[in-house]
>>> print(open('structure01.txt').read())   # compact mmCIF, N, CA and C atoms
# COMPACT_ATOMS: atom_id res chain seq x y z
N MET A 1 41.77 3.58 5.30
CA MET A 1 40.63 4.16 5.98
C MET A 1 39.44 4.33 5.02
N LYS A 2 39.70 4.65 3.76
CA LYS A 2 38.63 4.81 2.79
C LYS A 2 37.93 3.48 2.53
N PHE A 3 38.68 2.39 2.63
CA PHE A 3 38.08 1.08 2.39
C PHE A 3 37.07 0.71 3.46
N ILE A 4 37.23 1.20 4.65
CA ILE A 4 36.31 0.92 5.74
C ILE A 4 35.08 1.81 5.64
N LYS A 5 35.22 3.04 5.24
CA LYS A 5 34.11 3.98 5.17
C LYS A 5 33.12 3.60 4.07
N ALA A 6 33.59 3.12 2.94
CA ALA A 6 32.71 2.79 1.82
C ALA A 6 31.71 1.70 2.17
N PRO A 7 32.11 0.55 2.74
CA PRO A 7 31.11 -0.47 3.10
C PRO A 7 30.15 -0.01 4.19
N VAL A 8 30.63 0.77 5.13
CA VAL A 8 29.76 1.27 6.19
C VAL A 8 28.71 2.20 5.60
N LEU A 9 29.11 3.05 4.68
CA LEU A 9 28.18 3.96 4.01
C LEU A 9 27.17 3.17 3.18
N LEU A 10 27.63 2.15 2.49
CA LEU A 10 26.75 1.32 1.68
C LEU A 10 25.71 0.60 2.55
N ILE A 11 26.14 0.07 3.66
CA ILE A 11 25.22 -0.61 4.57
C ILE A 11 24.19 0.37 5.14
N ALA A 12 24.61 1.57 5.45
CA ALA A 12 23.70 2.59 5.98
C ALA A 12 22.64 2.95 4.94
N ILE A 13 23.04 3.10 3.71
CA ILE A 13 22.09 3.45 2.64
C ILE A 13 21.10 2.32 2.42
N ILE A 14 21.58 1.10 2.40
CA ILE A 14 20.68 -0.05 2.19
C ILE A 14 19.68 -0.17 3.33
N SER A 15 20.11 0.05 4.55
CA SER A 15 19.19 -0.05 5.69
C SER A 15 18.13 1.05 5.65
N LEU A 16 18.49 2.24 5.20
CA LEU A 16 17.51 3.31 5.07
C LEU A 16 16.48 3.00 3.99
N LEU A 17 16.93 2.43 2.88
CA LEU A 17 16.01 2.06 1.81
C LEU A 17 15.07 0.95 2.26
N ALA A 18 15.58 0.00 2.99
CA ALA A 18 14.75 -1.10 3.48
C ALA A 18 13.72 -0.59 4.48
N ALA A 19 14.09 0.33 5.32
CA ALA A 19 13.17 0.88 6.31
C ALA A 19 12.04 1.66 5.64
N SER A 20 12.36 2.38 4.59
CA SER A 20 11.32 3.14 3.89
C SER A 20 10.39 2.22 3.11
N ALA A 21 10.89 1.08 2.64
CA ALA A 21 10.05 0.15 1.91
C ALA A 21 9.08 -0.57 2.85
N ILE A 22 9.46 -0.74 4.10
CA ILE A 22 8.62 -1.43 5.07
C ILE A 22 7.50 -0.52 5.58
N ALA A 23 7.72 0.76 5.61
CA ALA A 23 6.75 1.70 6.16
C ALA A 23 5.44 1.64 5.36
N GLU A 24 4.34 1.61 6.08
CA GLU A 24 3.03 1.56 5.45
C GLU A 24 2.51 2.97 5.19
N THR A 25 1.74 3.10 4.15
CA THR A 25 1.11 4.38 3.86
C THR A 25 -0.16 4.49 4.70
N CYS A 26 -0.75 5.67 4.69
CA CYS A 26 -1.98 5.88 5.47
C CYS A 26 -3.11 4.99 4.95
N CYS A 27 -3.15 4.78 3.66
CA CYS A 27 -4.20 3.94 3.06
C CYS A 27 -4.00 2.48 3.42
N GLU A 28 -2.74 2.03 3.46
CA GLU A 28 -2.46 0.65 3.83
C GLU A 28 -2.81 0.40 5.29
N LYS A 29 -2.52 1.37 6.14
CA LYS A 29 -2.86 1.23 7.56
C LYS A 29 -4.37 1.16 7.75
N ALA A 30 -5.10 1.99 7.02
CA ALA A 30 -6.56 1.99 7.13
C ALA A 30 -7.13 0.68 6.60
N ALA A 31 -6.61 0.18 5.50
CA ALA A 31 -7.10 -1.07 4.92
C ALA A 31 -6.82 -2.25 5.85
N ALA A 32 -5.70 -2.21 6.55
CA ALA A 32 -5.38 -3.27 7.50
C ALA A 32 -6.39 -3.30 8.64
N GLY A 33 -6.94 -2.15 8.97
CA GLY A 33 -7.97 -2.06 10.00
C GLY A 33 -9.37 -2.26 9.46
N GLY A 34 -9.49 -2.51 8.16
CA GLY A 34 -10.80 -2.71 7.54
C GLY A 34 -11.57 -1.42 7.32
N LYS A 35 -10.86 -0.31 7.20
CA LYS A 35 -11.50 1.00 7.05
C LYS A 35 -11.01 1.68 5.78
N GLU A 36 -11.62 2.80 5.47
CA GLU A 36 -11.17 3.66 4.39
C GLU A 36 -10.27 4.74 4.96
N CYS A 37 -9.33 5.22 4.16
CA CYS A 37 -8.42 6.28 4.58
C CYS A 37 -9.22 7.57 4.80
N LYS A 38 -8.88 8.30 5.85
CA LYS A 38 -9.61 9.52 6.22
C LYS A 38 -8.92 10.81 5.79
N ASN A 39 -7.74 10.71 5.14
CA ASN A 39 -7.04 11.93 4.71
C ASN A 39 -7.80 12.59 3.57
N LYS A 40 -7.91 13.91 3.65
CA LYS A 40 -8.67 14.66 2.64
C LYS A 40 -8.11 14.47 1.24
N CYS A 41 -6.79 14.44 1.13
CA CYS A 41 -6.18 14.30 -0.19
C CYS A 41 -6.46 12.91 -0.77
N CYS A 42 -6.48 11.90 0.07
CA CYS A 42 -6.76 10.54 -0.40
C CYS A 42 -8.23 10.39 -0.77
N ILE A 43 -9.11 10.97 0.02
CA ILE A 43 -10.54 10.88 -0.26
C ILE A 43 -10.85 11.52 -1.61
N ALA A 44 -10.28 12.70 -1.87
CA ALA A 44 -10.51 13.39 -3.14
C ALA A 44 -9.96 12.58 -4.31
N ALA A 45 -8.78 12.01 -4.15
CA ALA A 45 -8.18 11.22 -5.23
C ALA A 45 -8.98 9.95 -5.48
N HIS A 46 -9.45 9.29 -4.43
CA HIS A 46 -10.20 8.05 -4.60
C HIS A 46 -11.56 8.30 -5.25
N LYS A 47 -12.16 9.46 -4.99
CA LYS A 47 -13.44 9.78 -5.65
C LYS A 47 -13.26 9.88 -7.15
N GLU A 48 -12.09 10.35 -7.58
CA GLU A 48 -11.80 10.48 -9.01
C GLU A 48 -11.25 9.18 -9.60
N GLY A 49 -11.08 8.17 -8.76
CA GLY A 49 -10.54 6.90 -9.23
C GLY A 49 -9.04 6.93 -9.41
N LYS A 50 -8.38 7.86 -8.73
CA LYS A 50 -6.94 8.03 -8.86
C LYS A 50 -6.26 7.69 -7.55
N SER A 51 -4.94 7.75 -7.58
CA SER A 51 -4.13 7.53 -6.40
C SER A 51 -3.60 8.86 -5.90
N CYS A 52 -3.54 9.03 -4.59
CA CYS A 52 -2.97 10.23 -3.99
C CYS A 52 -1.46 10.15 -4.12
N SER A 53 -0.88 10.99 -4.93
CA SER A 53 0.57 10.93 -5.18
C SER A 53 1.38 11.40 -3.97
N LYS A 54 0.77 12.18 -3.10
CA LYS A 54 1.47 12.66 -1.91
C LYS A 54 1.66 11.53 -0.90
N CYS A 55 0.61 10.79 -0.63
CA CYS A 55 0.65 9.74 0.38
C CYS A 55 1.08 8.39 -0.18
N ASN A 56 0.81 8.15 -1.45
CA ASN A 56 1.09 6.87 -2.07
C ASN A 56 1.88 7.07 -3.36
N PRO A 57 3.17 7.37 -3.27
CA PRO A 57 3.94 7.67 -4.47
C PRO A 57 4.05 6.49 -5.43
N ASN A 58 3.92 5.27 -4.92
CA ASN A 58 4.00 4.09 -5.79
C ASN A 58 2.63 3.49 -6.06
N LYS A 59 1.59 4.27 -5.84
CA LYS A 59 0.20 3.89 -6.08
C LYS A 59 -0.20 2.64 -5.30
N GLU A 60 0.21 2.58 -4.04
CA GLU A 60 -0.11 1.44 -3.20
C GLU A 60 -1.61 1.33 -2.94
N ASP A 61 -2.30 2.47 -2.87
CA ASP A 61 -3.73 2.44 -2.58
C ASP A 61 -4.53 1.81 -3.71
N LEU A 62 -4.10 2.00 -4.95
CA LEU A 62 -4.81 1.38 -6.07
C LEU A 62 -4.59 -0.13 -6.08
N LYS A 63 -3.42 -0.56 -5.64
CA LYS A 63 -3.16 -2.00 -5.52
C LYS A 63 -4.08 -2.62 -4.49
N LEU A 64 -4.35 -1.89 -3.41
CA LEU A 64 -5.26 -2.38 -2.38
C LEU A 64 -6.68 -2.49 -2.92
N LYS A 65 -7.09 -1.51 -3.71
CA LYS A 65 -8.44 -1.52 -4.28
C LYS A 65 -8.62 -2.73 -5.19
N LYS A 66 -7.59 -3.07 -5.99
CA LYS A 66 -7.68 -4.22 -6.90
C LYS A 66 -7.83 -5.51 -6.12
N THR A 67 -7.07 -5.67 -5.03
CA THR A 67 -7.17 -6.90 -4.25
C THR A 67 -8.51 -6.99 -3.54
N GLU A 68 -9.09 -5.85 -3.15
CA GLU A 68 -10.41 -5.86 -2.53
C GLU A 68 -11.46 -6.31 -3.53
N LYS A 69 -11.36 -5.85 -4.78
CA LYS A 69 -12.32 -6.23 -5.81
C LYS A 69 -12.21 -7.72 -6.10
N ILE A 70 -11.01 -8.24 -6.16
CA ILE A 70 -10.81 -9.65 -6.45
C ILE A 70 -11.39 -10.51 -5.32
N SER A 71 -11.15 -10.12 -4.08
CA SER A 71 -11.68 -10.89 -2.95
C SER A 71 -13.20 -10.81 -2.90
N ALA A 72 -13.77 -9.67 -3.26
CA ALA A 72 -15.23 -9.53 -3.28
C ALA A 72 -15.84 -10.43 -4.35
N LYS A 73 -15.20 -10.51 -5.51
CA LYS A 73 -15.69 -11.38 -6.58
C LYS A 73 -15.63 -12.84 -6.17
N SER A 74 -14.56 -13.23 -5.50
CA SER A 74 -14.42 -14.62 -5.09
C SER A 74 -15.45 -14.98 -4.03
N GLU A 75 -15.79 -14.04 -3.14
CA GLU A 75 -16.83 -14.27 -2.15
C GLU A 75 -18.19 -14.45 -2.81
N LYS A 76 -18.48 -13.62 -3.81
CA LYS A 76 -19.75 -13.73 -4.51
C LYS A 76 -19.86 -15.07 -5.24
N SER A 77 -18.79 -15.49 -5.88
CA SER A 77 -18.83 -16.76 -6.61
C SER A 77 -18.95 -17.94 -5.65
N ALA A 78 -18.36 -17.84 -4.48
CA ALA A 78 -18.48 -18.90 -3.49
C ALA A 78 -19.91 -19.00 -2.97
N LYS A 79 -20.56 -17.87 -2.77
CA LYS A 79 -21.94 -17.86 -2.30
C LYS A 79 -22.87 -18.41 -3.37
N SER A 80 -22.64 -18.05 -4.63
CA SER A 80 -23.52 -18.51 -5.71
C SER A 80 -23.32 -19.99 -5.99
N SER A 81 -22.14 -20.53 -5.77
CA SER A 81 -21.90 -21.94 -6.02
C SER A 81 -22.52 -22.83 -4.96
N LYS A 82 -22.71 -22.30 -3.74
CA LYS A 82 -23.35 -23.09 -2.68
C LYS A 82 -24.80 -23.35 -3.00
N GLY A 83 -25.48 -22.33 -3.50
CA GLY A 83 -26.88 -22.46 -3.91
C GLY A 83 -27.80 -22.76 -2.74
N PRO A 84 -29.10 -22.92 -3.04
CA PRO A 84 -30.08 -23.17 -1.97
C PRO A 84 -30.13 -24.60 -1.55
>>> encode(input="structure01.txt", output="structure tokens")
Amino acid sequence: MKFIKAPVLLIAIISLLAASAIAETCCEKAAAGGKECKNKCCIAAHKEGKSCSKCNPNKEDLKLKKTEKISAKSEKSAKSSKGP
């Protein structure tokens, strides 16, 4: 009986971890909609150039900011290369 319980418990733990990894943070949801996060804690942290540790424990919001900067730079270089 113990041999059956161990794999079932292991599968349950793995599925919970996978579900939590898939969940989006408030900042990720806002960025997907093309907006800024409206949570007070996130706004205060972003003004300081930091990540809100409550909403983004793995600093997902800072990763989003980096990708936005990279895409903005590539757009500017594409516009400048077209020229008049």
>>> residues_around(input="structure01.txt", residues="stretch 30-34 of chain A", least_positions_apart="2", cutoff="10 Å", atoms="only C-alpha atoms", output="list in words")
Glu24, Thr25, Cys26, Cys27, Glu28, Glu36, Cys37, Lys38, Asp61, Leu64, Lys65 and Glu68 of chain A
>>> axis_aligned_box(input="structure01.txt", around="stretch 34-45 of chain A", padding_each_side="8 Å", output="JSON")
{"center_x": -8.9, "center_y": 6.0, "center_z": 1.3, "size_x": 21.4, "size_y": 33.4, "size_z": 29.6}
>>> atom_distance(input="structure01.txt", atom1="atom N of A:Cys41", atom2="atom CA of A:Pro57")
13.9 Å
